[in-house]
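The next block holds one structure in the form of structure tokens; read it before the comments.
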Amino acid sequence: MQTELYIDGTFGPADDGATFPAVDPATEQEFAAVASGGASDIDRAVHAARSAFDSGVWSGLSPIVRAAFLRKIAQGIIENLDRLSRLETQDNGKPLPEAKWDIEDAAFCFEYYAEMIETEAGENSQLVDVGDSRFESAIRREPVGVVAAITPWNFPMLMAVWKLAPALAAGCTVVLKPSELCSLTCYELAKIIDAAGVPKGVFNLVTGMGYSAGAALTAHKLVDKIAFTGSVVTGEKVMQAASVGIRTVSLELGGKSPLIVFDDCQIDKAVEWIMFGIFWNKGEVCSATSRVLVHEKIYRKLIARLKAETERIVIGPGTHQGVKLGPIVSRGQYDKILAVLQRARNSGATLLTGGGRPKGLDRGYYIAPTIYTDVPYDAEIWCDEIFGPVVCLNSFETEAEAIELANDSPFGLAAAVMSDDLDLCDRVAAKLRAGIVWINCSQPTFVQAPWGGYKASGIGRELGRAGYEAYLETKQITRFEHTQDWGWYQGAEVS
Ligand code: NAD
């Protein structure tokens with residue numbers, strides 16, 4: 001398989017013909033050559049997006065017509081559900097049923113924003129009372145312009161669609177730069193968008209490296225908004241780039257999310273949500289609940305149960321039946337996690353299970369589901385995002401202590417609380433400094449509800465109504481009743 005860039009409605013190679021390999025993390029084998037775009041390709045793509053935006057070929061369409069395109073894209077995704085899911089699994093390593101969730105969610109996201117603009121078609125002006133009858137003031141919402149979308153590898157197609165669907169719905173044009181670790185489903189998405197007949201230049205895809213294609217895209221002067229999902233380190237660079245020329249930026253960054261388990265919880269339920277919260281998608285989830293705080297009364301019992309259940313998790317290639325934990329996305333990420341686990345040996349934490357490569361799997365980037373207990377609060381594994389199947393547990397005594405420990409992090413993406421006492425859950429949820437709080441569950445995500453973080457976890461929200469408004473500018477149009485006099489300057493008196 002050899003992929004191409006998609007610029008101004010045409011598929012083609014990078015200007016210098018460069019490619020990089022896509023590697024199947026289950027086999028460590030290269031299986032595709034991906035076009036590696038650079039600064040000149042980015043320049044062509046941004047110019048195409050700029051011309052398409054400025055011409056009004058997309059933003060000038062009625063929302064009903066734009067929605068029809070979005071629905072066609074959704075249909076194209078669903079028609080290719082099986083093929084796209086398998087490709088996602090091959091590229092990223094995630095279990096096939098989880099890849100299917102992603103692809104179905106991606107299709108639904110297009111449907112959701114199609115419906116939003118169909119419902120609101122023709123309602124794009126709202127009067128405001130300015131308290132002076134000589135004036136009429138109206139608020140109009142307009143597309144923000146050319147969007148640079150830069151996305152990570154953990155949900156390769158879905159993270160792109162979280163930006164693309166609302167941006168296209170709003171009337172923006174887009175240049176997408178997916179992660180170099182997983183670009184293939186975004187390439188397939190470009191083919192679907194092309195087949196849907198979306199006008200040329202409206203959507204452009206430049207696969208390539210972050211330090212070249214990504215940096216060139218964020219620095220490009222003709223970009224109006226940068227929508228970024230990735231690590232905090234890169235997010236800081238993106239924000240710096242956006243500061244030149246003062247461009248709008250939204251950031252969806254990392255996390256170290258807490259899950260608080262109170263002593264009235266059924267242990268089985270808590271164990272299932274703890275496991276799902278950290279082991280689904282191999283723990284490569286920005287909102288993974290990787291710090292678990294358990295009431296001391298049930299702490300020992302819970303960790304015994306968690307250990308037993310975790311050791312039953314089926315690990316293997318994502319395409320194999322029954323597999324719940326696939327390989328880590330790449331050699332680089334795998335080595336990074338192993339290095340963290342190595343350092344954790346001297347951290348003072350107790351390794352309950354896992355801690356390295358699982359037995360019996362000698363090919364593929366596998367890491368056994370790993371649990372640490374009694375973890376010092378200053379340990380790297382407690383404080384830093386690991387982005388793998390590694391969870392830390394500690395106990396607490398009081399509600400106040402649990403809240404304080406949960407909030408003691410520079411991140412604030414997600415948090416979860418479990419108790420049969422719903423008043424307690426509501427009280428705790430109100431005090432958790434995070435953009436997403438789950439009660440009696442962890443991770444379920446809905447296109448209809450806003451997604452994003454407090455603190456170092458980001459700026460802005462995706463999904464829901466907020467995710468659409470993120471691609472709109474607000475304009476006021478204020479009209480003076482021209483039959484009236486203003487009276488500031490009456491003209492010179494002539495004697
Ligand atoms: P990353 O920051 O390494 O890369 C993200 C994207 O940025 C990639 O496309 C990469 O090529 C690009 N990039 C790298 N350097 C760049 C530069 N200098 N200029 C512009 N672009 C550049 O992140 P990753 O490893 O791909 O993804 C994992 C991170 O993403 C984790 O921290 C995770 O928490 C976060 N994440 C957050 C959310 C969320 O919704 N908050 C969702 C998924 C992932």
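By convention here, the chains of the structure tokens are called A, B, ... in the order presented, each chain's residues are numbered starting at 1, and ligands are numbered starting at 1 in the order presented.
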Ligand 1 neighbours within 6 Å using only C-alpha atoms and all ligand atoms, as a list in words: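 Taking only C-alpha atoms and all ligand atoms into account, the residues around ligand 1 at most 6 Å away are Ile150, Thr151, Pro152, Trp153, Lys177, Pro178, Ser179, Glu180, Met209, Gly210, Tyr211, Gly214, Ala215, Thr218, Thr229, Gly230, Ser231, Thr234, Lys237, Val238, Glu252, Leu253, Gly254, Gly255, Cys286 and Gly452 of chain A.
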Write out as a VMD selection string each polymer residue whose atoms come within 10 Å of stretch 116-133 of chain A, counting only C-alpha atoms; drop sequence neighbours fewer than 4 positions from it. chain A and resid 62 to 68 110 to 112 137 to 142 166 169 to 170 464 to 465 468 475 to 478 480 to 481
Step one, run DSSP on the backbone; step two, keep only residues of stretch 383-443 of chain A assigned to alpha helix (DSSP H); then write them as a list in words.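 Those residues are Cys383, Glu399, Ala400, Glu401, Ala402, Ile403, Glu404, Leu405, Ala406, Asn407, Leu422, Asp423, Leu424, Cys425, Asp426, Arg427, Val428, Ala429, Ala430 and Lys431 of chain A.
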Residues just named, written with all heavy atoms as a short mmCIF file (atom, residue, chain, number, x, y, z; two decimals), in the first residue's frame:
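What landed in result19.cif:
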data_model
loop_
_atom_site.label_atom_id
_atom_site.label_comp_id
_atom_site.auth_asym_id
_atom_site.auth_seq_id
_atom_site.Cartn_x
_atom_site.Cartn_y
_atom_site.Cartn_z
N CYS A 383 2.60 10.82 38.90
CA CYS A 383 2.45 12.23 38.46
C CYS A 383 2.35 12.38 36.94
O CYS A 383 1.63 13.26 36.46
CB CYS A 383 3.64 13.06 38.93
SG CYS A 383 3.82 13.09 40.72
N GLU A 399 -13.48 11.95 52.50
CA GLU A 399 -13.93 12.55 51.23
C GLU A 399 -13.02 13.74 50.85
O GLU A 399 -12.58 13.86 49.71
CB GLU A 399 -15.38 13.01 51.43
CG GLU A 399 -16.00 13.69 50.25
CD GLU A 399 -17.43 14.17 50.59
OE1 GLU A 399 -18.11 13.56 51.45
OE2 GLU A 399 -17.86 15.17 49.98
N ALA A 400 -12.74 14.57 51.85
CA ALA A 400 -11.93 15.76 51.58
C ALA A 400 -10.53 15.37 51.10
O ALA A 400 -9.97 15.98 50.16
CB ALA A 400 -11.82 16.62 52.84
N GLU A 401 -9.99 14.32 51.72
CA GLU A 401 -8.64 13.88 51.33
C GLU A 401 -8.66 13.35 49.88
O GLU A 401 -7.76 13.65 49.08
CB GLU A 401 -8.20 12.75 52.29
CG GLU A 401 -6.79 12.27 52.03
CD GLU A 401 -6.49 10.96 52.77
OE1 GLU A 401 -7.39 10.40 53.44
OE2 GLU A 401 -5.34 10.49 52.65
N ALA A 402 -9.71 12.60 49.55
CA ALA A 402 -9.82 12.04 48.19
C ALA A 402 -9.87 13.16 47.17
O ALA A 402 -9.18 13.11 46.13
CB ALA A 402 -11.06 11.17 48.08
N ILE A 403 -10.66 14.19 47.45
CA ILE A 403 -10.78 15.31 46.51
C ILE A 403 -9.45 16.03 46.36
O ILE A 403 -9.01 16.35 45.24
CB ILE A 403 -11.89 16.29 46.97
CG1 ILE A 403 -13.25 15.60 46.88
CG2 ILE A 403 -11.88 17.57 46.13
CD1 ILE A 403 -14.37 16.34 47.59
N GLU A 404 -8.80 16.24 47.49
CA GLU A 404 -7.52 16.95 47.44
C GLU A 404 -6.49 16.17 46.62
O GLU A 404 -5.79 16.73 45.77
CB GLU A 404 -7.01 17.18 48.86
CG GLU A 404 -5.89 18.19 48.90
CD GLU A 404 -5.32 18.35 50.32
OE1 GLU A 404 -6.08 18.20 51.29
OE2 GLU A 404 -4.11 18.61 50.41
N LEU A 405 -6.42 14.87 46.85
CA LEU A 405 -5.45 14.04 46.11
C LEU A 405 -5.80 14.00 44.63
O LEU A 405 -4.93 14.07 43.75
CB LEU A 405 -5.43 12.62 46.67
CG LEU A 405 -4.79 12.46 48.05
CD1 LEU A 405 -5.07 11.08 48.62
CD2 LEU A 405 -3.28 12.68 47.95
N ALA A 406 -7.10 13.89 44.34
CA ALA A 406 -7.53 13.82 42.94
C ALA A 406 -7.14 15.10 42.20
O ALA A 406 -6.68 15.06 41.06
CB ALA A 406 -9.03 13.62 42.88
N ASN A 407 -7.32 16.24 42.88
CA ASN A 407 -7.05 17.52 42.21
C ASN A 407 -5.57 17.89 42.20
O ASN A 407 -5.17 18.86 41.54
CB ASN A 407 -7.83 18.64 42.90
CG ASN A 407 -9.30 18.61 42.51
OD1 ASN A 407 -9.68 18.09 41.46
ND2 ASN A 407 -10.15 19.17 43.37
N LEU A 422 -25.49 8.81 45.69
CA LEU A 422 -25.41 9.74 44.56
C LEU A 422 -25.22 11.19 45.01
O LEU A 422 -24.64 11.99 44.27
CB LEU A 422 -26.63 9.60 43.66
CG LEU A 422 -26.74 8.22 42.97
CD1 LEU A 422 -27.93 8.19 42.02
CD2 LEU A 422 -25.46 7.86 42.21
N ASP A 423 -25.69 11.51 46.20
CA ASP A 423 -25.44 12.87 46.71
C ASP A 423 -23.95 13.07 46.91
O ASP A 423 -23.39 14.13 46.59
CB ASP A 423 -26.16 13.10 48.04
CG ASP A 423 -27.66 13.21 47.84
OD1 ASP A 423 -28.07 13.54 46.70
OD2 ASP A 423 -28.42 12.95 48.79
N LEU A 424 -23.32 12.05 47.45
CA LEU A 424 -21.86 12.12 47.65
C LEU A 424 -21.17 12.28 46.29
O LEU A 424 -20.27 13.12 46.13
CB LEU A 424 -21.39 10.84 48.36
CG LEU A 424 -19.89 10.55 48.36
CD1 LEU A 424 -19.15 11.60 49.18
CD2 LEU A 424 -19.60 9.16 48.92
N CYS A 425 -21.61 11.49 45.32
CA CYS A 425 -20.99 11.58 43.98
C CYS A 425 -21.14 12.99 43.42
O CYS A 425 -20.18 13.57 42.87
CB CYS A 425 -21.64 10.59 43.02
SG CYS A 425 -21.25 8.88 43.38
N ASP A 426 -22.34 13.55 43.54
CA ASP A 426 -22.57 14.90 43.00
C ASP A 426 -21.70 15.93 43.70
O ASP A 426 -21.14 16.84 43.07
CB ASP A 426 -24.05 15.30 43.16
CG ASP A 426 -24.93 14.55 42.17
OD1 ASP A 426 -24.39 13.99 41.20
OD2 ASP A 426 -26.16 14.51 42.38
N ARG A 427 -21.59 15.78 45.01
CA ARG A 427 -20.77 16.71 45.80
C ARG A 427 -19.31 16.66 45.34
O ARG A 427 -18.67 17.68 45.12
CB ARG A 427 -20.88 16.27 47.26
CG ARG A 427 -20.79 17.35 48.26
CD ARG A 427 -21.28 16.93 49.63
NE ARG A 427 -20.70 15.71 50.15
CZ ARG A 427 -21.43 14.70 50.65
NH1 ARG A 427 -22.75 14.76 50.67
NH2 ARG A 427 -20.84 13.62 51.14
N VAL A 428 -18.82 15.44 45.19
CA VAL A 428 -17.42 15.27 44.78
C VAL A 428 -17.23 15.77 43.34
O VAL A 428 -16.27 16.48 43.03
CB VAL A 428 -16.98 13.79 44.92
CG1 VAL A 428 -15.59 13.58 44.35
CG2 VAL A 428 -17.03 13.38 46.39
N ALA A 429 -18.18 15.41 42.48
CA ALA A 429 -18.07 15.81 41.06
C ALA A 429 -17.95 17.33 40.94
O ALA A 429 -17.19 17.84 40.12
CB ALA A 429 -19.28 15.31 40.27
N ALA A 430 -18.70 18.04 41.79
CA ALA A 430 -18.68 19.50 41.72
C ALA A 430 -17.31 20.06 42.13
O ALA A 430 -16.93 21.15 41.70
CB ALA A 430 -19.76 20.07 42.63
N LYS A 431 -16.59 19.29 42.94
CA LYS A 431 -15.30 19.80 43.43
C LYS A 431 -14.10 19.34 42.61
O LYS A 431 -12.98 19.81 42.83
CB LYS A 431 -15.11 19.39 44.89
CG LYS A 431 -16.08 20.14 45.80
CD LYS A 431 -15.71 19.96 47.25
CE LYS A 431 -16.64 20.80 48.12
NZ LYS A 431 -16.97 20.16 49.36
#
I'd like to know which of A:Tyr299, A:Phe228, A:Tyr187, A:Trp438 is closest to A:Ser257, using only C-alpha atoms.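 When distances to A:Ser257 are compared using only C-alpha atoms, the smallest one comes from A:Trp438.
Atom CA of A:Ala414 is found 28.2 Å from atom CA of A:Val174.
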